[in-house]
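Participant: This is input_20.txt, which holds compact mmCIF, C-alpha atoms:
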```txt
# COMPACT_ATOMS: atom_id res chain seq x y z
CA MET A 30 69.31 106.45 92.64
CA PRO A 31 71.68 104.34 90.52
CA GLU A 32 70.08 105.66 87.36
CA VAL A 33 70.48 109.27 88.50
CA THR A 34 74.12 108.71 89.32
CA GLN A 35 74.71 107.10 85.95
CA ASP A 36 73.10 110.01 84.11
CA LYS A 37 75.18 112.51 86.05
CA THR A 38 78.35 110.66 85.21
CA ALA A 39 77.50 110.63 81.53
CA THR A 40 76.85 114.37 81.62
CA GLU A 41 80.18 114.99 83.32
CA VAL A 42 82.00 112.89 80.74
CA GLU A 43 80.31 114.79 77.92
CA ALA A 44 81.29 118.09 79.50
CA THR A 45 84.85 116.90 79.81
CA GLU A 46 84.95 115.93 76.16
CA ILE A 47 83.61 119.35 75.10
CA SER A 48 86.18 121.07 77.29
CA THR A 49 88.88 118.88 75.89
CA ASP A 50 87.92 119.62 72.31
CA GLN A 51 88.04 123.34 73.01
CA ASN A 52 91.49 123.11 74.58
CA GLY A 53 93.55 120.61 72.65
CA ASP A 54 96.81 121.75 74.20
CA GLU A 55 95.62 120.83 77.68
CA THR A 56 94.69 117.33 76.51
CA TYR A 57 98.10 116.97 74.91
CA ARG A 58 99.82 117.87 78.19
CA PHE A 59 97.81 115.26 80.04
CA ARG A 60 98.80 112.63 77.49
CA ILE A 61 102.45 113.57 77.87
CA ALA A 62 102.11 113.24 81.65
CA ASP A 63 100.58 109.77 81.31
CA TYR A 64 103.43 108.51 79.15
CA ALA A 65 105.98 110.20 81.41
CA ASN A 66 104.53 108.29 84.37
CA LEU A 67 105.10 105.04 82.48
CA LEU A 68 108.83 105.73 82.80
CA LYS A 69 108.72 105.56 86.63
CA PRO A 70 110.27 109.04 86.89
CA ARG A 71 111.29 108.82 90.56
CA VAL A 72 113.18 105.59 89.95
CA MET A 73 114.65 107.04 86.77
CA MET A 74 115.95 110.09 88.65
CA LEU A 75 117.88 107.91 91.08
CA VAL A 76 119.23 105.82 88.20
CA VAL A 77 120.42 108.94 86.38
CA PHE A 78 122.04 110.28 89.54
CA THR A 79 124.04 107.10 90.13
CA ALA A 80 125.00 107.02 86.44
CA ILE A 81 126.31 110.60 86.68
CA THR A 82 128.45 109.48 89.61
CA GLY A 83 129.92 106.69 87.52
CA VAL A 84 130.77 109.12 84.72
CA VAL A 85 132.35 111.68 87.06
CA LEU A 86 134.40 109.18 89.07
CA ALA A 87 135.72 107.22 86.10
CA PRO A 88 139.36 107.97 85.23
CA GLY A 89 140.01 109.57 81.88
CA ASP A 90 138.44 112.33 79.84
CA ILE A 91 135.17 112.35 77.97
CA PRO A 92 133.70 115.26 75.99
CA LEU A 93 130.80 116.89 77.77
CA TRP A 94 128.40 116.21 74.90
CA LYS A 95 129.27 112.52 74.95
CA ALA A 96 128.84 112.32 78.73
CA LEU A 97 125.43 113.96 78.46
CA ILE A 98 124.34 111.54 75.73
CA ALA A 99 125.52 108.59 77.83
CA ILE A 100 123.51 109.80 80.84
CA LEU A 101 120.49 110.47 78.61
CA CYS A 102 120.67 106.96 77.16
CA ILE A 103 120.88 105.38 80.61
CA GLY A 104 117.86 107.40 81.75
CA ILE A 105 115.86 106.51 78.63
CA GLY A 106 116.81 102.84 79.01
CA ALA A 107 115.69 102.84 82.64
CA GLY A 108 112.41 104.51 81.71
CA ALA A 109 111.84 102.04 78.88
CA SER A 110 112.35 99.15 81.29
CA GLY A 111 109.80 100.71 83.63
CA ALA A 112 107.24 101.06 80.84
CA ILE A 113 107.63 97.42 79.79
CA ASN A 114 107.43 96.40 83.44
CA MET A 115 104.12 98.26 83.79
CA TRP A 116 102.81 96.58 80.64
CA TYR A 117 103.63 93.12 81.96
CA ASP A 118 102.41 93.78 85.52
CA ARG A 119 99.13 95.36 84.46
CA ASP A 120 97.20 92.28 85.62
CA ILE A 121 98.35 92.67 89.23
CA ASP A 122 98.83 96.45 89.36
CA GLN A 123 95.07 97.00 89.27
CA PHE A 124 94.66 95.13 92.56
CA MET A 125 97.52 96.78 94.48
CA GLU A 126 96.87 100.02 96.31
CA ARG A 127 100.37 101.27 95.54
CA THR A 128 100.07 100.71 91.79
CA GLN A 129 96.37 100.88 90.88
CA ASN A 130 96.67 104.51 89.73
CA ARG A 131 99.45 103.79 87.27
CA PRO A 132 98.59 104.82 83.68
CA ILE A 133 97.58 101.35 82.43
CA PRO A 134 95.32 100.13 85.28
CA ALA A 135 93.86 103.64 85.50
CA GLY A 136 92.86 103.37 81.83
CA LYS A 137 94.95 106.35 80.71
CA VAL A 138 97.24 104.37 78.39
CA GLU A 139 96.42 101.23 76.43
CA PRO A 140 98.67 98.22 77.22
CA THR A 141 99.83 97.83 73.61
CA GLN A 142 100.73 101.51 73.42
CA ALA A 143 102.77 101.20 76.61
CA LEU A 144 104.62 98.15 75.27
CA VAL A 145 105.44 99.80 71.96
CA PHE A 146 106.50 102.97 73.76
CA GLY A 147 108.86 101.01 76.02
CA VAL A 148 110.37 98.88 73.27
CA VAL A 149 110.98 101.88 70.99
CA LEU A 150 112.70 103.80 73.78
CA ALA A 151 114.78 100.76 74.73
CA VAL A 152 116.03 100.29 71.17
CA LEU A 153 116.66 104.01 70.80
CA SER A 154 118.72 104.20 73.99
CA VAL A 155 120.93 101.22 73.07
CA VAL A 156 121.47 102.29 69.45
CA LEU A 157 122.26 105.90 70.39
CA MET A 158 124.68 104.73 73.08
CA TYR A 159 126.41 102.46 70.56
CA PHE A 160 126.94 105.10 67.86
CA ALA A 161 127.47 108.18 70.06
CA VAL A 162 129.43 106.72 73.00
CA ASN A 163 130.92 103.22 72.71
CA SER A 164 129.97 99.59 72.21
CA GLU A 165 130.92 98.52 75.76
CA ALA A 166 128.47 100.90 77.44
CA SER A 167 125.82 100.08 74.85
CA GLY A 168 126.25 96.35 75.41
CA LEU A 169 125.89 96.66 79.19
CA LEU A 170 122.86 98.93 78.78
CA LEU A 171 121.22 96.32 76.54
CA PHE A 172 122.05 93.57 79.03
CA THR A 173 120.59 95.65 81.88
CA ILE A 174 117.29 96.24 80.07
CA LEU A 175 116.94 92.56 79.11
CA TYR A 176 117.91 91.49 82.63
CA TYR A 177 115.23 93.68 84.21
CA VAL A 178 112.49 92.83 81.73
CA PHE A 179 112.96 89.11 81.22
CA LEU A 180 114.86 87.82 84.25
CA TYR A 181 113.31 89.98 86.96
CA THR A 182 109.90 91.16 85.71
CA MET A 183 108.77 88.10 83.77
CA TRP A 184 110.38 85.37 85.84
CA LEU A 185 111.88 86.08 89.26
CA LYS A 186 109.33 88.58 90.59
CA ARG A 187 106.50 86.05 90.69
CA SER A 188 108.48 82.87 91.31
CA THR A 189 110.85 83.33 94.27
CA PRO A 190 111.24 85.42 97.45
CA GLN A 191 114.80 86.04 96.27
CA ASN A 192 113.36 88.00 93.35
CA ILE A 193 114.76 91.34 94.44
CA VAL A 194 118.14 89.92 95.53
CA ILE A 195 118.87 88.49 92.08
CA GLY A 196 116.74 90.80 89.96
CA GLY A 197 117.85 93.89 91.84
CA ALA A 198 121.21 93.68 90.12
CA SER A 199 119.65 95.45 87.15
CA GLY A 200 119.34 98.61 89.25
CA ALA A 201 123.00 98.39 90.22
CA PHE A 202 124.37 98.54 86.69
CA PRO A 203 123.81 102.26 85.81
CA PRO A 204 126.95 103.66 87.53
CA MET A 205 128.95 100.88 85.89
CA ILE A 206 127.48 101.83 82.50
CA GLY A 207 128.48 105.43 83.17
CA TRP A 208 131.98 104.25 84.04
CA LEU A 209 132.19 102.23 80.81
CA ALA A 210 131.05 105.26 78.83
CA VAL A 211 134.26 107.00 79.90
CA THR A 212 136.81 104.18 80.07
CA GLY A 213 135.38 101.44 77.87
CA GLU A 214 136.51 98.80 80.37
CA PHE A 215 135.49 97.23 83.66
CA SER A 216 137.46 97.87 86.85
CA PHE A 217 137.30 97.15 90.57
CA PRO A 218 136.12 100.68 91.54
CA ALA A 219 133.24 100.39 89.06
CA GLY A 220 132.42 97.03 90.63
CA LEU A 221 132.27 98.70 94.03
CA LEU A 222 129.64 101.15 92.82
CA PHE A 223 127.66 98.19 91.55
CA LEU A 224 128.05 96.29 94.83
CA ILE A 225 126.88 99.23 96.94
CA ILE A 226 123.54 99.39 95.11
CA PHE A 227 123.27 95.59 94.92
CA LEU A 228 123.55 95.20 98.72
CA TRP A 229 121.35 98.22 99.37
CA THR A 230 118.45 96.94 97.26
CA PRO A 231 117.16 94.10 99.53
CA PRO A 232 116.76 96.12 102.76
CA HIS A 233 115.33 99.01 100.77
CA THR A 234 112.76 96.89 98.92
CA TRP A 235 111.86 94.64 101.84
CA ALA A 236 111.11 97.71 103.97
CA LEU A 237 108.58 98.68 101.31
CA ALA A 238 107.24 95.11 101.20
CA LEU A 239 106.73 95.13 104.97
CA PHE A 240 104.32 98.06 105.03
CA ARG A 241 102.77 97.03 101.68
CA HIS A 242 102.52 93.40 102.77
CA SER A 243 98.80 93.08 102.01
CA ASP A 244 99.30 94.32 98.43
CA TYR A 245 101.79 91.60 97.57
CA GLU A 246 99.84 88.94 99.41
CA ARG A 247 96.66 89.87 97.57
CA VAL A 248 98.22 89.37 94.12
CA GLY A 249 100.38 86.38 95.02
CA VAL A 250 103.80 87.99 94.55
CA PRO A 251 106.20 86.04 96.83
CA MET A 252 107.97 88.97 98.44
CA MET A 253 110.06 88.01 101.46
CA PRO A 254 107.58 89.15 104.17
CA VAL A 255 104.79 87.18 102.48
CA VAL A 256 106.84 83.97 102.32
CA VAL A 257 108.94 83.90 105.52
CA GLY A 258 107.12 86.45 107.67
CA SER A 259 107.96 89.82 109.12
CA TYR A 260 110.61 88.87 111.69
CA LYS A 261 112.81 86.79 109.39
CA THR A 262 112.60 89.52 106.77
CA LYS A 263 113.83 92.08 109.30
CA VAL A 264 116.73 89.81 110.25
CA GLN A 265 117.79 89.55 106.61
CA MET A 266 117.46 93.31 106.19
CA LEU A 267 119.85 93.83 109.08
CA ILE A 268 122.31 91.27 107.68
CA TYR A 269 122.39 92.95 104.27
CA THR A 270 122.84 96.36 105.89
CA LEU A 271 125.74 95.06 108.00
CA LEU A 272 127.34 93.78 104.78
CA LEU A 273 126.60 97.02 102.95
CA VAL A 274 128.19 99.50 105.36
CA PRO A 275 131.80 98.20 105.18
CA VAL A 276 131.52 97.98 101.39
CA THR A 277 130.56 101.67 101.27
CA LEU A 278 133.77 102.46 103.19
CA LEU A 279 136.04 100.67 100.73
CA PRO A 280 136.21 103.56 98.19
CA GLY A 281 138.00 105.63 100.82
CA PHE A 282 140.49 102.92 101.73
CA ILE A 283 141.47 102.13 98.11
CA GLY A 284 142.04 105.79 97.23
CA MET A 285 138.94 106.06 95.08
CA SER A 286 137.51 108.68 97.47
CA GLY A 287 138.79 110.64 100.42
CA LEU A 288 138.12 111.49 104.04
CA LEU A 289 134.95 113.51 103.44
CA TYR A 290 133.19 110.65 101.68
CA THR A 291 134.37 108.04 104.16
CA ALA A 292 133.16 110.05 107.15
CA GLY A 293 129.80 110.71 105.52
CA ALA A 294 129.34 107.10 104.44
CA GLY A 295 130.27 105.89 107.92
CA ALA A 296 127.78 108.20 109.62
CA MET A 297 124.98 107.27 107.22
CA GLY A 298 125.83 103.61 107.66
CA VAL A 299 125.44 103.84 111.44
CA LEU A 300 122.03 105.46 110.95
CA PHE A 301 120.93 102.79 108.46
CA ILE A 302 121.93 100.03 110.86
CA TYR A 303 120.03 101.83 113.62
CA HIS A 304 116.86 101.96 111.50
CA CYS A 305 117.08 98.26 110.66
CA TRP A 306 117.82 97.36 114.29
CA LYS A 307 114.90 99.46 115.55
CA LEU A 308 112.63 97.80 113.00
CA LEU A 309 113.80 94.37 114.10
CA LYS A 310 113.20 95.06 117.79
CA ASP A 311 109.71 96.50 117.27
CA ASP A 312 106.85 94.05 117.61
CA ASP A 313 105.03 95.57 114.66
CA ASP A 314 106.05 96.98 111.28
CA LYS A 315 105.35 100.65 112.02
CA HIS A 316 108.99 101.56 111.51
CA ALA A 317 109.09 99.94 108.06
CA LYS A 318 108.00 103.07 106.19
CA PRO A 319 110.53 105.37 107.96
CA THR A 320 113.21 102.77 107.20
CA PHE A 321 112.17 102.69 103.54
CA LEU A 322 112.24 106.49 103.26
CA PHE A 323 115.60 106.68 105.01
CA SER A 324 117.03 104.06 102.65
CA ILE A 325 116.31 106.37 99.71
CA LEU A 326 118.02 109.26 101.47
CA TYR A 327 120.89 106.94 102.38
CA LEU A 328 121.72 105.89 98.83
CA THR A 329 121.25 109.42 97.52
CA LEU A 330 123.71 110.82 100.06
CA ILE A 331 126.24 108.02 99.56
CA PHE A 332 126.50 108.93 95.88
CA ALA A 333 126.30 112.66 96.65
CA PHE A 334 129.26 112.28 99.02
CA LEU A 335 131.18 110.54 96.23
CA LEU A 336 130.58 113.53 93.94
CA ILE A 337 131.28 116.17 96.61
CA ASP A 338 134.44 114.38 97.63
CA ARG A 339 135.72 114.59 94.07
CA VAL A 340 135.57 118.40 94.33
CA ALA A 341 136.51 118.92 97.99
CA TRP A 342 139.26 116.31 98.16
CA LEU A 343 140.69 115.44 101.57
CA PRO A 344 142.93 112.39 101.35
CA MET A 345 142.54 109.49 103.75
CA PRO A 346 145.41 109.18 106.27
CA ILE A 347 145.49 105.40 105.65
CA THR A 348 144.82 103.58 102.39
CA LEU A 349 145.23 100.01 101.26
```
Any chance you could put this one into C-alpha cells?

Facilitator:
Amino acid sequence: MPEVTQDKTATEVEATEISTDQNGDETYRFRIADYANLLKPRVMMLVVFTAITGVVLAPGDIPLWKALIAILCIGIGAGASGAINMWYDRDIDQFMERTQNRPIPAGKVEPTQALVFGVVLAVLSVVLMYFAVNSEASGLLLFTILYYVFLYTMWLKRSTPQNIVIGGASGAFPPMIGWLAVTGEFSFPAGLLFLIIFLWTPPHTWALALFRHSDYERVGVPMMPVVVGSYKTKVQMLIYTLLLVPVTLLPGFIGMSGLLYTAGAGAMGVLFIYHCWKLLKDDDDKHAKPTFLFSILYLTLIFAFLLIDRVAWLPMPITL
C-alpha cells in the first residue's frame, strides 16, 4: 500500500507540473499570492487603517498624493516586518496549528527569498517615506520596523511573558507615523492614538494565546497563559481593558474628537469590559475566541468613530 500511494503522489505531482507549464499565468498568480501572504495582509490592513486615522486627524494640510504615499509606505513597512518575522519564526511556525500553513513552513517560499523580500520592502518603504514625505515620519517608520524585528521578534517573543506588552508598542506606532507625515512633530493627541493601541494589544493577544495555548506551549514561547496560567492571564486582561477604556475617552474631553466618538467609544468600552469579565468568571477558556474576535472589532470601530466624528462633528458639552 505505501508504494501505491507513493506512485500516485508522483503521478499527481507530474500532472500538476504539466498543467503548470501549460498555464504560466496561473502559476504566476499563485506565486504572487504566496508572497502577499508573507506580508500578513490582515494585520497590514488594520495597520493601514490606523495610519489613515493619524493622517486625517493630524492638524494641518498635506497634499493628497503625499498622504497616499505615506500610507503606502506604512503599509509596505508593516508587511516587510511581517515577512521578516515569518523568516525568523519558521522553526516554530511549522509546529503550530495556527501558523503551519504559512508560506515558508508550507514550502511555498524559500526562507532566504522571504528574508530578501522583507528587507528590500523595508528599505524601500523607509527611503520612499524620507524623500517623498519627510524625515520625521521616515525615522519613526525605520524605528518601528527595527523595534518589531529585533526587539520583539528576535528577543522578547521567546524570552519573557511580557513580550507582547513591550513588543506590542511596534503595532501602536502607525497612527503616530501618519500624524508625523502631516505635521512633522510629535504631540499629545498623537500620543493618545499610540496609547490606545498599546493598551489594547495585551488583552487582544492574550485572548488569542488562551485558545491557542497548546500551540505556544508546544514550541516553548512564553506567552502569558503558558507561564502564569489561564486565570492570572484573564485578570491582567481585565486590568488592561479597565485602563484602556478611559484612555479612549480622552480624545473627546481634550477637544480632539466630539460627542459621537465619545459615545461610541464608551459603548464599545463597556462591551469590551463585559467580554473580559465574562471570560474571567468562566471556569474554562471557551469565551477566549469570542473575546479575541470582539477585540478586533473594538479597535476597528474606535478608529472608525474617530474618522466619522471628524465628518459629523458634534462638540462635547464639557472639555478639559

Participant: Pick out the closest residue to A:Trp229 from this set: A:Ser167, A:Thr329, A:Ser259, A:Ser286. Count all atoms listed in the file.

Facilitator: A:Thr329

Participant: Restricting the calculation to only C-alpha atoms, which member of A:Cys102, A:Phe124, A:Gly197, A:Ile226 is positioned closest to A:Ser243?

Facilitator: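 Once distances to A:Ser243 are computed over only C-alpha atoms, the minimum belongs to A:Phe124.
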
Participant: Which residues are close to A:Phe301, i.e. within 9 Å by all atoms listed in the file, leaving aside same-chain residues fewer than 5 positions away? Reply as a PDB file with C-alpha atoms, keeping the file's coordinate frame.

Facilitator:
```pdb
ATOM      1  CA  THR A 270     122.840  96.360 105.890  1.00  0.00           C
ATOM      2  CA  VAL A 274     128.190  99.500 105.360  1.00  0.00           C
ATOM      3  CA  ALA A 296     127.780 108.200 109.620  1.00  0.00           C
ATOM      4  CA  TRP A 306     117.820  97.360 114.290  1.00  0.00           C
ATOM      5  CA  THR A 320     113.210 102.770 107.200  1.00  0.00           C
ATOM      6  CA  PHE A 323     115.600 106.680 105.010  1.00  0.00           C
ATOM      7  CA  SER A 324     117.030 104.060 102.650  1.00  0.00           C
ATOM      8  CA  TYR A 327     120.890 106.940 102.380  1.00  0.00           C
TER       9      TYR A 327
END
```

Participant: Quick one: pull the distance between atom CA of A:Ala236 and atom CA of A:Leu326, Å, one decimal.

Facilitator: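 Between atom CA of A:Ala236 and atom CA of A:Leu326 the gap works out to 13.7 Å.
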
Participant: So which one's closest to A:Gly147, A:Phe215, A:Tyr159, A:Tyr176, A:Tyr64? Using all atoms listed in the file, please.

Facilitator: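 Smallest distance to A:Gly147 is found for A:Tyr64.
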
Participant: Quick one: residues within 8 Å of A:Thr348, only C-alpha atoms, excluding same-chain residues fewer than 6 positions away - as a list in words?

Facilitator: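 Returned residues: Gly281, Phe282, Ile283 and Gly284 of chain A.
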
Participant: How about saving the chosen residues, C-alpha atoms kept, as a JSON list (two decimals), keeping the file's coordinate frame?

Facilitator:
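Written file, selection22.json:
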```
[["chain", "number", "residue", "atom", "x", "y", "z"],
["A", 281, "GLY", "CA", 138.00, 105.63, 100.82],
["A", 282, "PHE", "CA", 140.49, 102.92, 101.73],
["A", 283, "ILE", "CA", 141.47, 102.13, 98.11],
["A", 284, "GLY", "CA", 142.04, 105.79, 97.23]]
```

Participant: Would you mind reading off the distance between atom CA of A:Ala292 and atom CA of A:Leu97, one decimal, in Å?

Facilitator: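 According to the coordinates, atom CA of A:Ala292 and atom CA of A:Leu97 are separated by 30.0 Å.
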
Participant: Would you please work out which residue, of A:Ser199, A:Asn130, A:Gln265, A:Thr182, is nearest to A:Pro231 when using all atoms listed in the file?

Facilitator: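 The answer is A:Gln265, which sits nearest to A:Pro231.
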
Participant: If we count all atoms listed in the file, what is near stretch 106-118 of chain A at a cut-off of 10 Å, once residues fewer than 6 positions away on the same chain are taken out, given as an mmCIF file with C-alpha atoms, in the frame of the given file?

Facilitator:
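Contents of the output file part34.cif:
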```
data_model
loop_
_atom_site.group_PDB
_atom_site.id
_atom_site.type_symbol
_atom_site.label_atom_id
_atom_site.label_comp_id
_atom_site.auth_asym_id
_atom_site.auth_seq_id
_atom_site.Cartn_x
_atom_site.Cartn_y
_atom_site.Cartn_z
ATOM 1 C CA TYR A 64 103.430 108.510 79.150
ATOM 2 C CA ALA A 65 105.980 110.200 81.410
ATOM 3 C CA ASN A 66 104.530 108.290 84.370
ATOM 4 C CA LEU A 67 105.100 105.040 82.480
ATOM 5 C CA LEU A 68 108.830 105.730 82.800
ATOM 6 C CA LYS A 69 108.720 105.560 86.630
ATOM 7 C CA PRO A 70 110.270 109.040 86.890
ATOM 8 C CA ARG A 71 111.290 108.820 90.560
ATOM 9 C CA VAL A 72 113.180 105.590 89.950
ATOM 10 C CA MET A 73 114.650 107.040 86.770
ATOM 11 C CA MET A 74 115.950 110.090 88.650
ATOM 12 C CA VAL A 76 119.230 105.820 88.200
ATOM 13 C CA VAL A 77 120.420 108.940 86.380
ATOM 14 C CA ILE A 100 123.510 109.800 80.840
ATOM 15 C CA THR A 128 100.070 100.710 91.790
ATOM 16 C CA ARG A 131 99.450 103.790 87.270
ATOM 17 C CA PRO A 132 98.590 104.820 83.680
ATOM 18 C CA ILE A 133 97.580 101.350 82.430
ATOM 19 C CA PRO A 134 95.320 100.130 85.280
ATOM 20 C CA VAL A 138 97.240 104.370 78.390
ATOM 21 C CA GLU A 139 96.420 101.230 76.430
ATOM 22 C CA PRO A 140 98.670 98.220 77.220
ATOM 23 C CA THR A 141 99.830 97.830 73.610
ATOM 24 C CA GLN A 142 100.730 101.510 73.420
ATOM 25 C CA ALA A 143 102.770 101.200 76.610
ATOM 26 C CA LEU A 144 104.620 98.150 75.270
ATOM 27 C CA VAL A 145 105.440 99.800 71.960
ATOM 28 C CA PHE A 146 106.500 102.970 73.760
ATOM 29 C CA GLY A 147 108.860 101.010 76.020
ATOM 30 C CA VAL A 148 110.370 98.880 73.270
ATOM 31 C CA VAL A 149 110.980 101.880 70.990
ATOM 32 C CA LEU A 150 112.700 103.800 73.780
ATOM 33 C CA ALA A 151 114.780 100.760 74.730
ATOM 34 C CA VAL A 152 116.030 100.290 71.170
ATOM 35 C CA LEU A 153 116.660 104.010 70.800
ATOM 36 C CA SER A 154 118.720 104.200 73.990
ATOM 37 C CA VAL A 155 120.930 101.220 73.070
ATOM 38 C CA LEU A 170 122.860 98.930 78.780
ATOM 39 C CA LEU A 171 121.220 96.320 76.540
ATOM 40 C CA THR A 173 120.590 95.650 81.880
ATOM 41 C CA ILE A 174 117.290 96.240 80.070
ATOM 42 C CA LEU A 175 116.940 92.560 79.110
ATOM 43 C CA TYR A 176 117.910 91.490 82.630
ATOM 44 C CA TYR A 177 115.230 93.680 84.210
ATOM 45 C CA VAL A 178 112.490 92.830 81.730
ATOM 46 C CA PHE A 179 112.960 89.110 81.220
ATOM 47 C CA TYR A 181 113.310 89.980 86.960
ATOM 48 C CA THR A 182 109.900 91.160 85.710
ATOM 49 C CA MET A 183 108.770 88.100 83.770
ATOM 50 C CA SER A 199 119.650 95.450 87.150
ATOM 51 C CA GLY A 200 119.340 98.610 89.250
ATOM 52 C CA PRO A 203 123.810 102.260 85.810
#
```

Participant: Calculate how many Å separate atom CA of A:Ala161 from atom CA of A:Trp94, rounding to one decimal.

Facilitator: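 Answer for the atom CA of A:Ala161 to atom CA of A:Trp94 separation: 9.4 Å.
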